[in-house]
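The next block is upload08.cif, given as mmCIF, C-alpha atoms.
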```cif
data_start
loop_
_atom_site.label_atom_id
_atom_site.label_comp_id
_atom_site.auth_asym_id
_atom_site.auth_seq_id
_atom_site.Cartn_x
_atom_site.Cartn_y
_atom_site.Cartn_z
CA MET A 1 0.00 0.00 0.00
CA SER A 2 1.34 3.43 -0.93
CA ARG A 3 1.98 6.10 1.70
CA ARG A 4 -0.85 8.22 0.38
CA ALA A 5 -3.38 5.38 0.58
CA ARG A 6 -2.31 4.67 4.17
CA LEU A 7 -2.77 8.36 5.02
CA LEU A 8 -6.25 8.39 3.48
CA ARG A 9 -7.23 5.30 5.46
CA TRP A 10 -6.63 7.33 8.63
CA ALA A 11 -7.74 10.74 7.41
CA ILE A 12 -11.29 9.69 6.56
CA PRO A 13 -12.22 8.28 10.01
CA LEU A 14 -10.37 11.19 11.67
CA ALA A 15 -12.52 13.69 9.76
CA VAL A 16 -15.49 12.40 11.75
CA VAL A 17 -13.92 13.51 15.04
CA PRO A 18 -14.67 17.26 14.82
CA VAL A 19 -18.25 16.45 13.84
CA LEU A 20 -18.62 14.17 16.86
CA VAL A 21 -17.12 16.82 19.15
CA LEU A 22 -19.58 19.41 17.82
CA LEU A 23 -22.54 17.04 18.27
CA ALA A 24 -21.41 16.10 21.78
CA TYR A 25 -21.19 19.77 22.70
CA GLY A 26 -24.53 20.58 21.07
CA PHE A 27 -26.48 17.77 22.69
CA ARG A 28 -25.01 18.34 26.14
CA THR A 29 -26.04 22.02 26.29
CA ASP A 30 -29.60 22.77 27.29
CA PRO A 31 -31.28 24.94 24.63
CA HIS A 32 -33.54 26.33 27.38
CA ASP A 33 -30.60 27.51 29.43
CA ILE A 34 -29.90 31.05 28.31
CA PRO A 35 -27.36 33.08 30.26
CA SER A 36 -28.75 36.44 31.36
CA PRO A 37 -26.67 39.44 30.33
CA LEU A 38 -28.26 41.35 33.20
CA VAL A 39 -26.34 39.79 36.09
CA GLY A 40 -23.96 42.40 37.48
CA ARG A 41 -25.83 45.29 35.88
CA PRO A 42 -28.18 47.83 37.49
CA ALA A 43 -31.71 46.42 37.68
CA SER A 44 -34.29 48.23 35.53
CA THR A 45 -36.59 50.21 37.76
CA PHE A 46 -40.33 49.82 37.39
CA THR A 47 -43.53 51.07 38.92
CA LEU A 48 -46.53 48.76 38.77
CA THR A 49 -49.89 48.76 40.45
CA ALA A 50 -50.26 45.86 42.85
CA PHE A 51 -53.35 43.63 42.99
CA ASP A 52 -54.37 45.51 46.14
CA GLY A 53 -54.18 48.84 44.27
CA LYS A 54 -50.99 50.11 45.93
CA PRO A 55 -48.06 51.19 43.76
CA VAL A 56 -45.00 48.94 43.69
CA SER A 57 -41.83 50.82 42.81
CA LEU A 58 -38.39 49.27 42.67
CA ALA A 59 -36.70 52.66 43.01
CA ALA A 60 -38.43 53.14 46.38
CA LEU A 61 -36.85 49.89 47.62
CA ARG A 62 -33.25 50.98 46.94
CA GLY A 63 -31.05 50.19 49.94
CA GLN A 64 -32.83 46.91 50.58
CA VAL A 65 -32.15 43.48 49.18
CA VAL A 66 -34.93 42.89 46.67
CA ILE A 67 -36.07 39.58 45.28
CA VAL A 68 -38.16 39.99 42.13
CA ASN A 69 -40.11 36.85 41.35
CA PHE A 70 -41.92 36.41 38.01
CA TRP A 71 -44.77 33.92 38.28
CA ALA A 72 -48.14 32.92 36.82
CA SER A 73 -51.12 31.00 38.11
CA TRP A 74 -50.96 28.73 35.05
CA CYS A 75 -47.35 27.83 35.78
CA TYR A 76 -47.93 24.47 37.38
CA PRO A 77 -46.14 22.85 39.17
CA ALA A 78 -43.00 25.05 39.36
CA CYS A 79 -44.67 28.27 40.59
CA TYR A 80 -46.76 26.30 43.09
CA GLU A 81 -43.66 24.54 44.41
CA GLU A 82 -41.73 27.71 45.12
CA ALA A 83 -44.62 29.87 46.41
CA PRO A 84 -44.44 28.74 50.09
CA SER A 85 -40.64 29.23 50.11
CA LEU A 86 -40.98 32.81 48.87
CA GLU A 87 -43.48 33.65 51.60
CA ARG A 88 -41.30 31.96 54.26
CA ALA A 89 -38.22 33.89 53.11
CA PHE A 90 -40.16 37.18 53.11
CA LYS A 91 -41.43 36.61 56.65
CA ALA A 92 -38.02 35.52 57.92
CA TYR A 93 -36.05 38.40 56.43
CA LYS A 94 -38.40 41.36 56.13
CA ASP A 95 -37.10 42.88 59.37
CA ARG A 96 -33.53 42.67 58.07
CA GLY A 97 -34.06 44.85 55.00
CA VAL A 98 -35.19 42.22 52.52
CA VAL A 99 -38.30 42.48 50.39
CA VAL A 100 -39.89 40.08 47.93
CA VAL A 101 -41.78 41.53 44.97
CA GLY A 102 -43.98 39.32 42.86
CA VAL A 103 -44.59 40.18 39.20
CA ASN A 104 -47.46 38.30 37.61
CA PHE A 105 -46.55 37.25 34.05
CA GLN A 106 -49.09 36.72 31.22
CA ASP A 107 -51.95 35.94 33.54
CA LYS A 108 -55.58 36.83 34.23
CA GLU A 109 -56.53 38.76 37.32
CA GLU A 110 -58.97 36.26 38.79
CA PRO A 111 -56.82 33.10 38.79
CA ALA A 112 -53.83 35.21 39.86
CA LYS A 113 -55.70 36.50 42.89
CA ARG A 114 -56.86 32.99 43.71
CA PHE A 115 -53.21 31.87 43.63
CA LEU A 116 -52.24 34.65 46.05
CA ASP A 117 -55.10 33.69 48.39
CA GLN A 118 -54.17 30.02 48.22
CA PHE A 119 -50.61 30.70 49.41
CA GLY A 120 -51.47 33.68 51.63
CA HIS A 121 -48.78 35.85 50.08
CA THR A 122 -48.19 39.00 52.11
CA PHE A 123 -45.43 40.53 49.99
CA PRO A 124 -46.27 43.06 47.25
CA ASN A 125 -47.51 41.46 44.06
CA ALA A 126 -48.37 43.22 40.81
CA PRO A 127 -49.45 42.22 37.31
CA ASP A 128 -47.36 43.33 34.31
CA PRO A 129 -50.15 43.99 31.81
CA THR A 130 -47.95 45.32 28.98
CA GLY A 131 -45.12 42.85 29.51
CA LYS A 132 -42.59 45.69 29.61
CA VAL A 133 -41.16 44.82 33.01
CA SER A 134 -40.77 41.20 31.91
CA VAL A 135 -38.86 42.23 28.77
CA ASP A 136 -36.74 44.67 30.80
CA TYR A 137 -35.68 41.71 32.92
CA GLY A 138 -35.18 39.40 29.97
CA VAL A 139 -37.82 36.99 31.23
CA TYR A 140 -38.51 34.12 28.85
CA GLY A 141 -40.61 31.94 31.07
CA VAL A 142 -41.89 31.51 34.59
CA PRO A 143 -40.81 31.11 37.27
CA GLU A 144 -37.75 33.32 37.16
CA THR A 145 -36.30 35.06 40.19
CA TYR A 146 -33.86 37.96 40.32
CA PHE A 147 -31.80 38.87 43.36
CA ILE A 148 -31.01 42.59 43.56
CA ASP A 149 -28.43 43.93 46.01
CA ARG A 150 -28.69 47.07 48.14
CA LYS A 151 -27.01 49.12 45.42
CA GLY A 152 -29.73 48.12 42.97
CA ARG A 153 -27.70 45.70 40.86
CA VAL A 154 -28.93 42.32 39.63
CA ARG A 155 -26.66 39.79 41.30
CA TYR A 156 -28.23 36.44 40.57
CA LYS A 157 -30.88 35.00 38.30
CA GLN A 158 -32.67 31.76 39.04
CA VAL A 159 -34.53 30.06 36.21
CA GLY A 160 -37.06 27.60 37.56
CA PRO A 161 -38.38 27.32 41.11
CA VAL A 162 -36.44 28.68 44.10
CA SER A 163 -35.99 26.55 47.21
CA ASP A 164 -35.62 27.54 50.87
CA GLU A 165 -31.90 26.73 50.66
CA LEU A 166 -31.32 28.83 47.53
CA LEU A 167 -33.23 31.81 48.96
CA LYS A 168 -31.31 31.60 52.23
CA ARG A 169 -27.95 31.29 50.47
CA GLU A 170 -28.50 34.23 48.10
CA ILE A 171 -30.13 36.50 50.69
CA GLU A 172 -27.40 35.87 53.27
CA THR A 173 -24.72 36.57 50.63
CA LEU A 174 -26.28 39.92 49.76
CA LEU A 175 -26.97 40.83 53.39
CA ALA A 176 -23.35 40.13 54.32
CA GLU A 177 -22.22 42.86 51.93
CA SER A 178 -22.01 46.40 53.22
CA ALA A 179 -24.65 48.71 51.81
CA MET B 180 -97.28 79.87 26.95
CA ARG B 181 -95.45 83.17 26.93
CA PRO B 182 -93.20 83.95 23.97
CA GLY B 183 -90.23 84.03 26.33
CA GLY B 184 -91.08 80.52 27.55
CA ARG B 185 -91.28 79.20 23.97
CA ARG B 186 -87.86 80.72 23.25
CA LEU B 187 -86.50 78.93 26.29
CA VAL B 188 -87.89 75.59 25.05
CA VAL B 189 -86.40 76.14 21.60
CA ALA B 190 -83.06 77.07 23.16
CA ALA B 191 -83.14 73.96 25.32
CA GLY B 192 -83.99 71.85 22.26
CA ILE B 193 -81.10 73.29 20.30
CA THR B 194 -78.73 72.73 23.22
CA ALA B 195 -79.87 69.14 23.55
CA ALA B 196 -79.44 68.59 19.82
CA LEU B 197 -75.96 70.13 19.92
CA ALA B 198 -75.03 68.03 22.93
CA GLY B 199 -76.25 64.93 21.08
CA LEU B 200 -74.21 65.88 18.02
CA ALA B 201 -71.14 66.47 20.15
CA MET B 202 -71.57 63.07 21.78
CA LEU B 203 -72.01 61.41 18.40
CA ALA B 204 -68.90 63.20 17.13
CA SER B 205 -66.86 62.08 20.14
CA VAL B 206 -68.04 58.49 19.72
CA VAL B 207 -67.13 58.56 16.03
CA THR B 208 -63.70 60.04 16.78
CA ALA B 209 -63.13 57.46 19.52
CA LEU B 210 -64.11 54.65 17.16
CA ALA B 211 -61.88 56.02 14.44
CA ALA B 212 -59.02 56.37 16.90
CA ALA B 213 -59.52 52.83 18.17
CA ASP B 214 -59.64 51.64 14.58
CA SER B 215 -56.41 53.28 13.52
CA ALA B 216 -54.53 52.90 16.80
CA PRO B 217 -52.32 49.97 15.77
CA ALA B 218 -51.30 51.61 12.50
CA ALA B 219 -50.76 55.05 14.06
CA PRO B 220 -47.48 56.63 12.88
CA VAL B 221 -45.53 53.37 12.52
CA SER B 222 -46.38 51.06 9.65
CA GLU B 223 -47.19 47.44 10.40
CA GLU B 224 -44.46 46.57 7.89
CA ALA B 225 -41.81 48.37 9.92
CA VAL B 226 -42.91 46.52 13.07
CA HIS B 227 -42.92 43.21 11.21
CA ASP B 228 -39.41 43.82 9.84
CA VAL B 229 -37.99 44.09 13.34
CA ALA B 230 -40.23 41.36 14.79
CA ALA B 231 -39.11 38.90 12.11
CA GLN B 232 -35.51 39.23 13.26
CA LEU B 233 -36.25 38.59 16.93
CA ARG B 234 -36.81 35.25 18.59
CA CYS B 235 -40.09 34.78 20.41
CA VAL B 236 -38.83 34.17 23.94
CA VAL B 237 -41.51 31.69 24.98
CA CYS B 238 -41.42 29.66 21.75
CA GLN B 239 -39.08 27.19 20.14
CA SER B 240 -37.56 28.44 16.88
CA LEU B 241 -40.27 31.00 16.11
CA SER B 242 -39.84 34.67 15.38
CA VAL B 243 -41.83 37.32 17.20
CA ALA B 244 -43.55 38.07 13.88
CA ASP B 245 -44.67 34.45 13.38
CA SER B 246 -45.74 33.58 16.91
CA PRO B 247 -49.39 33.95 17.95
CA SER B 248 -48.44 33.94 21.65
CA GLU B 249 -49.42 36.68 24.05
CA THR B 250 -45.75 37.41 24.81
CA ALA B 251 -45.00 37.90 21.11
CA HIS B 252 -47.97 40.30 20.87
CA GLN B 253 -46.59 42.31 23.76
CA MET B 254 -43.12 42.30 22.23
CA LYS B 255 -44.61 43.61 18.98
CA ASP B 256 -46.35 46.36 20.98
CA ILE B 257 -43.02 47.29 22.53
CA ILE B 258 -41.36 47.36 19.08
CA ARG B 259 -44.17 49.56 17.74
CA GLU B 260 -43.95 51.92 20.68
CA ARG B 261 -40.18 52.27 20.41
CA LEU B 262 -40.32 52.89 16.66
CA ALA B 263 -43.06 55.46 17.23
CA ALA B 264 -40.81 57.16 19.79
CA GLY B 265 -38.30 57.70 16.98
CA GLU B 266 -35.91 54.80 17.54
CA THR B 267 -34.33 53.18 14.50
CA PRO B 268 -34.92 49.43 13.91
CA GLU B 269 -31.26 48.88 14.92
CA GLN B 270 -31.85 50.65 18.24
CA VAL B 271 -34.96 48.57 18.92
CA LYS B 272 -33.02 45.37 18.25
CA ALA B 273 -30.19 46.64 20.46
CA TYR B 274 -32.68 47.09 23.29
CA PHE B 275 -33.77 43.44 23.11
CA VAL B 276 -30.16 42.24 22.78
CA ASP B 277 -29.34 44.32 25.86
CA LYS B 278 -31.96 42.42 27.87
CA TYR B 279 -31.73 38.92 26.43
CA GLY B 280 -28.27 38.75 24.87
CA THR B 281 -27.59 37.89 21.23
CA TRP B 282 -29.67 34.73 21.77
CA ILE B 283 -32.72 36.83 20.89
CA LEU B 284 -31.48 37.46 17.34
CA LEU B 285 -32.61 34.80 14.88
CA SER B 286 -29.49 35.39 12.74
CA PRO B 287 -26.32 34.95 14.78
CA PRO B 288 -24.15 38.11 14.68
CA ARG B 289 -21.36 38.06 12.09
CA GLN B 290 -18.60 38.56 14.62
CA GLY B 291 -16.88 36.68 17.42
CA PHE B 292 -17.63 33.00 17.89
CA THR B 293 -20.89 33.02 15.92
CA LEU B 294 -19.00 34.24 12.84
CA LEU B 295 -18.04 30.56 12.48
CA VAL B 296 -21.66 29.72 11.66
CA TRP B 297 -21.44 32.03 8.65
CA VAL B 298 -17.93 31.08 7.51
CA VAL B 299 -17.63 27.32 8.07
CA PRO B 300 -20.26 26.19 5.52
CA PHE B 301 -18.64 28.23 2.75
CA ALA B 302 -15.14 27.17 3.80
CA GLY B 303 -16.29 23.53 3.73
CA LEU B 304 -17.85 23.99 0.32
CA GLY B 305 -14.64 25.57 -1.02
CA LEU B 306 -12.50 22.81 0.46
CA GLY B 307 -14.78 20.16 -1.05
CA LEU B 308 -14.58 21.80 -4.47
CA VAL B 309 -10.77 21.88 -4.34
CA LEU B 310 -10.71 18.19 -3.36
CA VAL B 311 -13.05 17.23 -6.20
CA LEU B 312 -10.94 19.20 -8.68
CA LEU B 313 -7.75 17.49 -7.48
CA VAL B 314 -9.29 14.02 -7.76
CA VAL B 315 -10.76 14.71 -11.20
CA ARG B 316 -7.37 15.96 -12.42
CA ARG B 317 -5.68 12.83 -11.14
CA TRP B 318 -8.22 10.62 -12.88
CA SER B 319 -7.89 12.44 -16.20
CA HIS B 320 -4.07 12.15 -16.12
CA ARG B 321 -4.09 8.44 -15.34
CA PRO B 322 -3.31 6.15 -18.36
CA THR B 323 -6.50 4.62 -19.72
CA ALA B 324 -5.26 0.99 -19.64
CA ASP B 325 -2.85 -0.62 -17.25
CA ALA B 326 -1.01 -2.83 -19.79
CA PRO B 327 0.27 -1.29 -23.04
CA ALA B 328 -1.47 -2.61 -26.14
CA PRO B 329 0.57 -5.39 -27.79
CA ALA B 330 2.49 -4.23 -30.82
CA VAL B 331 0.93 -5.24 -34.10
CA ASP B 332 3.48 -7.17 -36.13
CA ALA B 333 3.20 -8.90 -39.45
CA ALA B 334 2.19 -12.25 -37.94
CA MET B 335 -0.60 -10.62 -35.92
CA ARG B 336 -1.86 -8.72 -38.96
CA ALA B 337 -1.98 -11.98 -40.94
CA ARG B 338 -3.91 -13.69 -38.13
CA ILE B 339 -6.46 -10.89 -37.93
CA GLN B 340 -7.05 -11.02 -41.66
CA ARG B 341 -7.38 -14.79 -41.58
CA GLU B 342 -9.87 -14.79 -38.72
CA MET B 343 -11.96 -12.05 -40.29
CA ALA B 344 -12.04 -13.90 -43.54
CA GLU B 345 -13.31 -16.99 -41.68
CA ARG B 346 -16.20 -15.03 -40.19
CA GLU B 347 -17.32 -13.46 -43.45
CA PRO B 348 -18.86 -16.09 -45.63
#
```

Would you write the structure of this file as structure tokens?
Amino acid sequence: MSRRARLLRWAIPLAVVPVLVLLAYGFRTDPHDIPSPLVGRPASTFTLTAFDGKPVSLAALRGQVVIVNFWASWCYPACYEEAPSLERAFKAYKDRGVVVVGVNFQDKEEPAKRFLDQFGHTFPNAPDPTGKVSVDYGVYGVPETYFIDRKGRVRYKQVGPVSDELLKREIETLLAESA
Amino acid sequence: MRPGGRRLVVAAGITAALAGLAMLASVVTALAAADSAPAAPVSEEAVHDVAAQLRCVVCQSLSVADSPSETAHQMKDIIRERLAAGETPEQVKAYFVDKYGTWILLSPPRQGFTLLVWVVPFAGLGLGLVLVLLVVRRWSHRPTADAPAPAVDAAMRARIQREMAEREP
């Protein structure tokens, strides 16, 4: 066998390697997992009208650790799983300068209010009727939760439900920082 | 009835009629406004042009222009509003990229890592063409038969003539 033929016998199977590497990379990455460019940047301020008629303004909460949670009553089971944790975290930390703000995403008022009653949420909760706040936060599904530090910067984004452990970890991290 | 009283009635009638007309006019204007609201100063085409380049965030592989979802509707409203406020289509796209990253663009940007997506197919095509050309050239230069044709000598010529003569009656 000539040298060239021997080379070809190896070159053809070897050509498959980059294709396999590309496929392995492509199939191992989750197409739903999109990194947020907002982490580390100042959080967009917003003013919404809460379900109880009171205004909810992010700017007014500057200096506190703010957890903005995007949810919907139709988002079952993820939003239902995390709802008690959010209320627990709010109750546990509200005296230490932490506030939870719920933003209702693509929902109807009646089922949304029923959801709030079901979980007895006491933190401010507002619908986002034009979707502008959701786009400002780069929301592409619910639930999504943003952790904002005392200086008003987005520090962490959670896609999917939050747990007691995650809330505690992120809140304690932000509380440990000086204002 | 005193003439003054009649005048009062007529005046009241005219006022009522005018009020009715004014109400009708306001209803008509409101209807017209509601009718033309979506088209206002920004053409639907301009909105569509931007929407077609953006990914619908709640869908799989659908543009904002093609998706019937509520989110896509709201995104179109935001595009319309920003265009109406005097932003260029590039600025509107930049706003969405700012919030969602380049993921939101249906065409990957022609720079950085995603430039590969634009370059590799053409590079592969070029490489393939060069390979095909090389192979074809090698084939066309190769001798047509492996063994050289036997030389025709006198004995061979005699044999051919003899055998052909045998075949032809």

Exercise. Which residue out of A:Val142, A:Ile148, A:Leu116, A:Val21 has the minimum interatomic distance to chain B when all atoms listed in the file are used?
Worked result: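 Between A:Val142, A:Ile148, A:Leu116, A:Val21, the residue approaching chain B most closely is A:Val142.
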
Problem set entry | Expected answer as a PyMOL selection string: all residues with atoms within 8 Å of (-36.2, 30.5, 45.5), only C-alpha atoms | chain A and resi 82+85-86+145+158+161-167

Can you list every residue of chain A that has an atom at most 8 Å from chain B, with its nearest atom pair and the distance in Å to one decimal, using all atoms listed in the file, ordered by chain then number, as a Markdown table?
```
| residue | atom | partner | partner_atom | distance |
| --- | --- | --- | --- | --- |
| A:Ile34 | CA | B:Trp282 | CA | 7.5 |
| A:Pro35 | CA | B:Gly280 | CA | 7.9 |
| A:Ser36 | CA | B:Tyr279 | CA | 6.3 |
| A:Pro37 | CA | B:Gly280 | CA | 5.7 |
| A:Leu38 | CA | B:Lys278 | CA | 6.6 |
| A:Gln106 | CA | B:Glu249 | CA | 7.2 |
| A:Thr130 | CA | B:Gln253 | CA | 6.2 |
| A:Gly131 | CA | B:Gln253 | CA | 6.0 |
| A:Lys132 | CA | B:Ile257 | CA | 7.3 |
| A:Val135 | CA | B:Lys278 | CA | 7.0 |
| A:Asp136 | CA | B:Lys278 | CA | 6.0 |
| A:Tyr137 | CA | B:Lys278 | CA | 6.3 |
| A:Gly138 | CA | B:Lys278 | CA | 4.9 |
| A:Val139 | CA | B:Val236 | CA | 7.9 |
| A:Tyr140 | CA | B:Val236 | CA | 4.9 |
| A:Gly141 | CA | B:Val237 | CA | 6.2 |
```

For this session: Could you jot down the atom CA of A:Phe123 to atom CA of A:Trp74 separation for me, Å, one decimal place?
Result: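 It comes out at 19.8 Å.
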
Exercise. What is the distance between atom CA of B:Gln290 and atom CA of A:Leu20, in Å to one decimal?
Worked result: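 Pair atom CA of B:Gln290 / atom CA of A:Leu20 returns 24.5 Å.
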
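Atom CA of B:Ala330 is found 23.0 Å from atom CA of B:Glu345.
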
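Near A:Asp117, within 12 Å and counting all atoms listed in the file, sit Phe51, Ser73, Ala83, Pro84, Glu110, Pro111, Ala112, Thr122, Phe123 and Asn125 of chain A; same-chain residues fewer than 5 positions away were not included.
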
For C-alpha atoms, I'd like the residues from the last selection saved as a CSV table (one decimal), in the coordinates of the input.
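Dumped to part-v1.csv:
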```
chain,number,residue,atom,x,y,z
A,51,PHE,CA,-53.4,43.6,43.0
A,73,SER,CA,-51.1,31.0,38.1
A,83,ALA,CA,-44.6,29.9,46.4
A,84,PRO,CA,-44.4,28.7,50.1
A,110,GLU,CA,-59.0,36.3,38.8
A,111,PRO,CA,-56.8,33.1,38.8
A,112,ALA,CA,-53.8,35.2,39.9
A,122,THR,CA,-48.2,39.0,52.1
A,123,PHE,CA,-45.4,40.5,50.0
A,125,ASN,CA,-47.5,41.5,44.1
```

For this session: Evaluate the PyMOL selection byres ((chain B and resi 272) around 9) here and jot the selected residues down as a list of chain:residue names.
Result: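 For this structure, the PyMOL selection byres ((chain B and resi 272) around 9) captures B:Val229, B:Ala230, B:Gln232, B:Leu233, B:Ile258, B:Thr267, B:Pro268, B:Glu269, B:Gln270, B:Val271, B:Ala273, B:Tyr274, B:Phe275, B:Val276, B:Asp277, B:Ile283, B:Leu284.
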
Export of the given selection (C-alpha atoms) as a PDB file, in the coordinates of the input:
```pdb
ATOM      1  CA  VAL B 229     -37.990  44.090  13.340  1.00  0.00           C
ATOM      2  CA  ALA B 230     -40.230  41.360  14.790  1.00  0.00           C
ATOM      3  CA  GLN B 232     -35.510  39.230  13.260  1.00  0.00           C
ATOM      4  CA  LEU B 233     -36.250  38.590  16.930  1.00  0.00           C
ATOM      5  CA  ILE B 258     -41.360  47.360  19.080  1.00  0.00           C
ATOM      6  CA  THR B 267     -34.330  53.180  14.500  1.00  0.00           C
ATOM      7  CA  PRO B 268     -34.920  49.430  13.910  1.00  0.00           C
ATOM      8  CA  GLU B 269     -31.260  48.880  14.920  1.00  0.00           C
ATOM      9  CA  GLN B 270     -31.850  50.650  18.240  1.00  0.00           C
ATOM     10  CA  VAL B 271     -34.960  48.570  18.920  1.00  0.00           C
ATOM     11  CA  ALA B 273     -30.190  46.640  20.460  1.00  0.00           C
ATOM     12  CA  TYR B 274     -32.680  47.090  23.290  1.00  0.00           C
ATOM     13  CA  PHE B 275     -33.770  43.440  23.110  1.00  0.00           C
ATOM     14  CA  VAL B 276     -30.160  42.240  22.780  1.00  0.00           C
ATOM     15  CA  ASP B 277     -29.340  44.320  25.860  1.00  0.00           C
ATOM     16  CA  ILE B 283     -32.720  36.830  20.890  1.00  0.00           C
ATOM     17  CA  LEU B 284     -31.480  37.460  17.340  1.00  0.00           C
TER      18      LEU B 284
END
```
